Amino acid sequence: MPSTELARPEEQAVHGLELAERVFTPERRVAIAQFLEVEADDPALVPYLAICASYGLDPVMGQVWLIPQRRKVRDGEGREQWADKYRPAVGRDGLLAIARRDSRFAGLKSGVVHERDSFEVEYDGSADEPKVLHRQASKPTNFADNEDPRRWRGRILGAWAKAYAEGLPPVYSYADLKERGKVKNNEWQGSWG
């Protein structure tokens with residue numbers, strides 16, 4: 001994979017577009033668009049494929065997503081209307097694939113926090129700060145008639161991750177669904193930006 005580390009951001013963007021044109025033939029673009037359930041000429045497909053090509057990510061393995069967003073746009077006569085637009089985003093699996101290529105990568109811990117879980121973050125001044133104390137709720141043996149056994153931990157509140165690299169302090173992040181989006185039909189919908 002070509003290195004883009006020393007390129008300026010605008011050079012990286014052009015490089016990614018050129019690389020995407022070389023890597024993804026028109027036939028492959030159509031197949032990827034069908035897989036993503038978007039039109040092959042959707043403008044969102046261009047940056048999506050540029051990200052895949054630039055970072056060596058697989059467009060159908062859940063490493064990069066096209067996130068639907070409802071936005072107001074102007075039609076040809078200047079009137080505003082709602083339309084579905086898509087924004088590409090590198091997902092957890094994509095970031096993990098990139099991290100694993102770096103010899104300094106030393107691992108990752110992460111979890112999804114549900115409302116019945118116990119979750120605390122402790123800053124104690126240690127080298128492994130912060131300390132994440134996450135205990136999943138215990139699964140009950142009996143369920144009420146109106147209770148879905150698949151959702152015994154309750155609603156999803158957010159997710160956390162802590163990444164380790166040799167010679168560097170760990171990096172911790174928590175994404176709260178109230179701030180970042182929502183879960184609908186078992187799929188996260190929202191924005192990280």
# chains A, B, ... in the order shown; residues from 1 in each chain; ligands from 1
$ select_by_dssp --residues "segment 2-125 of chain A" --states "helix (DSSP H, G or I)" --output "count of residues only"
46
$ select_by_dssp --residues "segment 8-182 of chain A" --states "strand (DSSP E or B)" --output "NGL selection string"
:A and (64-74 or 80-90 or 105-114 or 118-122 or 131-135 or 156-165 or 171-176 or 181-182)
$ closest_residue --among "A:Arg79, A:Arg100, A:Gly16, A:Leu36" --to "Leu49 of chain A" --atoms "only C-alpha atoms"
A:Gly16
$ atom_distance --atom1 "atom CA of Gln63 of chain A" --atom2 "atom CA of Leu95 of chain A"
7.5 Å
$ residues_around --residues "segment 146-159 of chain A" --least-positions-apart "6" --cutoff "7 Å" --atoms "only C-alpha atoms" --output "number ranges by chain"
A: 111-117, 137, 139, 174-177
$ atom_distance --atom1 "atom CA of Ala106 of chain A" --atom2 "atom CA of Gly91 of chain A"
19.2 Å
$ residues_around --residues "Val132 of chain A" --least-positions-apart "5" --cutoff "10 Å" --atoms "only C-alpha atoms" --output "MDAnalysis selection string"
chainID A and resid 109:110 119:123 160:162 172
$ write_last_selection --atoms "N, CA, C and O atoms" --output "short mmCIF file (atom, residue, chain, number, x, y, z; two decimals), in the first residue's frame"
data_model
loop_
_atom_site.label_atom_id
_atom_site.label_comp_id
_atom_site.auth_asym_id
_atom_site.auth_seq_id
_atom_site.Cartn_x
_atom_site.Cartn_y
_atom_site.Cartn_z
N LYS A 109 -8.92 -2.86 24.34
CA LYS A 109 -10.00 -3.34 25.21
C LYS A 109 -11.20 -2.46 24.90
O LYS A 109 -11.06 -1.25 24.69
N SER A 110 -12.38 -3.06 24.87
CA SER A 110 -13.56 -2.27 24.57
C SER A 110 -14.80 -2.98 25.09
O SER A 110 -14.75 -4.16 25.43
N PHE A 119 -20.72 0.45 35.46
CA PHE A 119 -19.67 1.06 34.64
C PHE A 119 -19.12 2.29 35.35
O PHE A 119 -19.86 3.20 35.69
N GLU A 120 -17.82 2.26 35.60
CA GLU A 120 -17.14 3.40 36.23
C GLU A 120 -15.79 3.60 35.55
O GLU A 120 -15.18 2.64 35.07
N VAL A 121 -15.34 4.84 35.52
CA VAL A 121 -14.02 5.17 35.01
C VAL A 121 -13.29 5.89 36.14
O VAL A 121 -13.79 6.87 36.69
N GLU A 122 -12.13 5.36 36.49
CA GLU A 122 -11.38 5.87 37.64
C GLU A 122 -10.05 6.44 37.17
O GLU A 122 -9.27 5.78 36.48
N TYR A 123 -9.79 7.69 37.54
CA TYR A 123 -8.51 8.34 37.24
C TYR A 123 -7.70 8.32 38.53
O TYR A 123 -8.02 9.00 39.48
N TRP A 160 -17.23 2.01 25.04
CA TRP A 160 -15.92 2.52 25.42
C TRP A 160 -14.83 1.69 24.75
O TRP A 160 -15.04 0.56 24.34
N ALA A 161 -13.65 2.31 24.62
CA ALA A 161 -12.49 1.61 24.08
C ALA A 161 -11.23 2.20 24.70
O ALA A 161 -11.18 3.38 25.04
N LYS A 162 -10.25 1.34 24.83
CA LYS A 162 -8.95 1.75 25.36
C LYS A 162 -7.90 1.06 24.50
O LYS A 162 -7.87 -0.17 24.42
N TYR A 172 -8.02 6.40 25.76
CA TYR A 172 -9.34 5.97 26.19
C TYR A 172 -10.40 6.88 25.55
O TYR A 172 -10.20 8.09 25.42
#
$ residues_around --residues "segment 69-72 of chain A" --least-positions-apart "2" --cutoff "6 Å" --atoms "only C-alpha atoms" --output "list in words"
Gln81, Trp82, Ala83, Asp84, Lys85 and Tyr86 of chain A
$ write_last_selection --atoms "N, CA, C and O atoms" --output "mmCIF file, in the first residue's frame"
data_model
loop_
_atom_site.group_PDB
_atom_site.id
_atom_site.type_symbol
_atom_site.label_atom_id
_atom_site.label_comp_id
_atom_site.auth_asym_id
_atom_site.auth_seq_id
_atom_site.Cartn_x
_atom_site.Cartn_y
_atom_site.Cartn_z
ATOM 1 N N GLN A 81 -35.626 21.000 0.590
ATOM 2 C CA GLN A 81 -36.360 19.761 0.807
ATOM 3 C C GLN A 81 -35.445 18.791 1.544
ATOM 4 O O GLN A 81 -34.236 18.940 1.537
ATOM 5 N N TRP A 82 -36.056 17.807 2.194
ATOM 6 C CA TRP A 82 -35.296 16.800 2.906
ATOM 7 C C TRP A 82 -34.837 15.719 1.938
ATOM 8 O O TRP A 82 -35.574 15.317 1.051
ATOM 9 N N ALA A 83 -33.596 15.267 2.132
ATOM 10 C CA ALA A 83 -33.062 14.188 1.292
ATOM 11 C C ALA A 83 -32.121 13.339 2.138
ATOM 12 O O ALA A 83 -31.506 13.822 3.091
ATOM 13 N N ASP A 84 -32.018 12.055 1.785
ATOM 14 C CA ASP A 84 -31.064 11.172 2.441
ATOM 15 C C ASP A 84 -29.704 11.343 1.787
ATOM 16 O O ASP A 84 -29.564 11.195 0.572
ATOM 17 N N LYS A 85 -28.736 11.690 2.588
ATOM 18 C CA LYS A 85 -27.349 11.809 2.135
ATOM 19 C C LYS A 85 -26.529 10.808 2.934
ATOM 20 O O LYS A 85 -26.901 10.419 4.032
ATOM 21 N N TYR A 86 -25.403 10.404 2.401
ATOM 22 C CA TYR A 86 -24.557 9.429 3.066
ATOM 23 C C TYR A 86 -23.184 10.023 3.311
ATOM 24 O O TYR A 86 -22.666 10.779 2.495
#
$ residues_around --residues "Val90 of chain A" --least-positions-apart "6" --cutoff "12 Å" --atoms "only C-alpha atoms" --output "PyMOL selection string"
chain A and resi 47-52+54-59+61-67+96-98+191-193
$ write_last_selection --atoms "N, CA, C and O atoms" --output "JSON list (two decimals), in the first residue's frame"
[["chain", "number", "residue", "atom", "x", "y", "z"],
["A", 47, "PRO", "N", -15.88, 9.37, -2.01],
["A", 47, "PRO", "CA", -15.01, 9.40, -0.83],
["A", 47, "PRO", "C", -14.94, 8.06, -0.10],
["A", 47, "PRO", "O", -13.91, 7.72, 0.48],
["A", 48, "TYR", "N", -16.02, 7.29, -0.16],
["A", 48, "TYR", "CA", -16.04, 5.97, 0.46],
["A", 48, "TYR", "C", -14.95, 5.10, -0.17],
["A", 48, "TYR", "O", -14.14, 4.49, 0.54],
["A", 49, "LEU", "N", -14.91, 5.04, -1.49],
["A", 49, "LEU", "CA", -13.91, 4.22, -2.18],
["A", 49, "LEU", "C", -12.50, 4.80, -2.01],
["A", 49, "LEU", "O", -11.53, 4.05, -1.95],
["A", 50, "ALA", "N", -12.40, 6.14, -1.93],
["A", 50, "ALA", "CA", -11.09, 6.76, -1.71],
["A", 50, "ALA", "C", -10.53, 6.36, -0.35],
["A", 50, "ALA", "O", -9.34, 6.07, -0.21],
["A", 51, "ILE", "N", -11.38, 6.32, 0.67],
["A", 51, "ILE", "CA", -10.94, 5.90, 2.01],
["A", 51, "ILE", "C", -10.51, 4.44, 1.96],
["A", 51, "ILE", "O", -9.45, 4.08, 2.50],
["A", 52, "CYS", "N", -11.31, 3.59, 1.32],
["A", 52, "CYS", "CA", -10.97, 2.16, 1.22],
["A", 52, "CYS", "C", -9.62, 1.98, 0.53],
["A", 52, "CYS", "O", -8.77, 1.22, 1.02],
["A", 54, "SER", "N", -7.14, 4.26, -0.02],
["A", 54, "SER", "CA", -6.01, 4.92, 0.66],
["A", 54, "SER", "C", -5.51, 4.15, 1.87],
["A", 54, "SER", "O", -4.31, 4.12, 2.14],
["A", 55, "TYR", "N", -6.43, 3.55, 2.62],
["A", 55, "TYR", "CA", -6.05, 2.88, 3.85],
["A", 55, "TYR", "C", -6.08, 1.37, 3.75],
["A", 55, "TYR", "O", -5.90, 0.67, 4.75],
["A", 56, "GLY", "N", -6.32, 0.84, 2.56],
["A", 56, "GLY", "CA", -6.32, -0.60, 2.36],
["A", 56, "GLY", "C", -7.43, -1.30, 3.12],
["A", 56, "GLY", "O", -7.23, -2.37, 3.67],
["A", 57, "LEU", "N", -8.62, -0.69, 3.15],
["A", 57, "LEU", "CA", -9.74, -1.25, 3.88],
["A", 57, "LEU", "C", -10.70, -1.96, 2.92],
["A", 57, "LEU", "O", -10.84, -1.56, 1.77],
["A", 58, "ASP", "N", -11.35, -2.98, 3.42],
["A", 58, "ASP", "CA", -12.26, -3.78, 2.60],
["A", 58, "ASP", "C", -13.64, -3.14, 2.59],
["A", 58, "ASP", "O", -14.25, -2.95, 3.65],
["A", 59, "PRO", "N", -14.17, -2.81, 1.41],
["A", 59, "PRO", "CA", -15.46, -2.12, 1.35],
["A", 59, "PRO", "C", -16.67, -2.96, 1.72],
["A", 59, "PRO", "O", -17.74, -2.40, 1.93],
["A", 61, "MET", "N", -16.49, -5.62, 4.23],
["A", 61, "MET", "CA", -16.27, -6.36, 5.47],
["A", 61, "MET", "C", -16.58, -5.53, 6.72],
["A", 61, "MET", "O", -16.15, -5.85, 7.81],
["A", 62, "GLY", "N", -17.34, -4.45, 6.57],
["A", 62, "GLY", "CA", -17.73, -3.65, 7.72],
["A", 62, "GLY", "C", -16.62, -2.78, 8.28],
["A", 62, "GLY", "O", -16.69, -2.34, 9.41],
["A", 63, "GLN", "N", -15.58, -2.54, 7.47],
["A", 63, "GLN", "CA", -14.48, -1.70, 7.94],
["A", 63, "GLN", "C", -14.77, -0.22, 7.68],
["A", 63, "GLN", "O", -14.26, 0.64, 8.39],
["A", 64, "VAL", "N", -15.56, 0.07, 6.67],
["A", 64, "VAL", "CA", -15.97, 1.44, 6.35],
["A", 64, "VAL", "C", -17.47, 1.41, 6.13],
["A", 64, "VAL", "O", -17.99, 0.49, 5.50],
["A", 65, "TRP", "N", -18.16, 2.42, 6.62],
["A", 65, "TRP", "CA", -19.60, 2.47, 6.49],
["A", 65, "TRP", "C", -20.01, 3.70, 5.69],
["A", 65, "TRP", "O", -19.31, 4.70, 5.66],
["A", 66, "LEU", "N", -21.19, 3.62, 5.11],
["A", 66, "LEU", "CA", -21.87, 4.80, 4.59],
["A", 66, "LEU", "C", -23.02, 5.05, 5.56],
["A", 66, "LEU", "O", -23.96, 4.27, 5.64],
["A", 67, "ILE", "N", -22.90, 6.12, 6.31],
["A", 67, "ILE", "CA", -23.89, 6.42, 7.34],
["A", 67, "ILE", "C", -24.96, 7.33, 6.75],
["A", 67, "ILE", "O", -24.64, 8.42, 6.26],
["A", 96, "LEU", "N", -9.21, -0.90, 13.64],
["A", 96, "LEU", "CA", -8.44, -2.01, 14.17],
["A", 96, "LEU", "C", -7.53, -2.61, 13.10],
["A", 96, "LEU", "O", -6.38, -2.95, 13.38],
["A", 97, "ALA", "N", -8.01, -2.72, 11.87],
["A", 97, "ALA", "CA", -7.18, -3.23, 10.78],
["A", 97, "ALA", "C", -5.97, -2.32, 10.54],
["A", 97, "ALA", "O", -4.85, -2.80, 10.34],
["A", 98, "ILE", "N", -6.19, -1.01, 10.58],
["A", 98, "ILE", "CA", -5.09, -0.06, 10.40],
["A", 98, "ILE", "C", -4.11, -0.17, 11.57],
["A", 98, "ILE", "O", -2.90, -0.21, 11.38],
["A", 191, "SER", "N", -23.83, 10.11, 14.43],
["A", 191, "SER", "CA", -22.65, 10.73, 13.87],
["A", 191, "SER", "C", -21.55, 10.78, 14.91],
["A", 191, "SER", "O", -21.80, 11.07, 16.07],
["A", 192, "TRP", "N", -20.35, 10.48, 14.50],
["A", 192, "TRP", "CA", -19.21, 10.60, 15.41],
["A", 192, "TRP", "C", -18.61, 11.98, 15.31],
["A", 192, "TRP", "O", -17.77, 12.35, 16.08],
["A", 193, "GLY", "N", -18.98, 12.75, 14.30],
["A", 193, "GLY", "CA", -18.35, 14.05, 14.05],
["A", 193, "GLY", "C", -19.04, 15.18, 14.71],
["A", 193, "GLY", "O", -19.96, 15.13, 15.43]]
$ atom_distance --atom1 "atom CA of His134 of chain A" --atom2 "atom CA of Ser103 of chain A"
28.3 Å
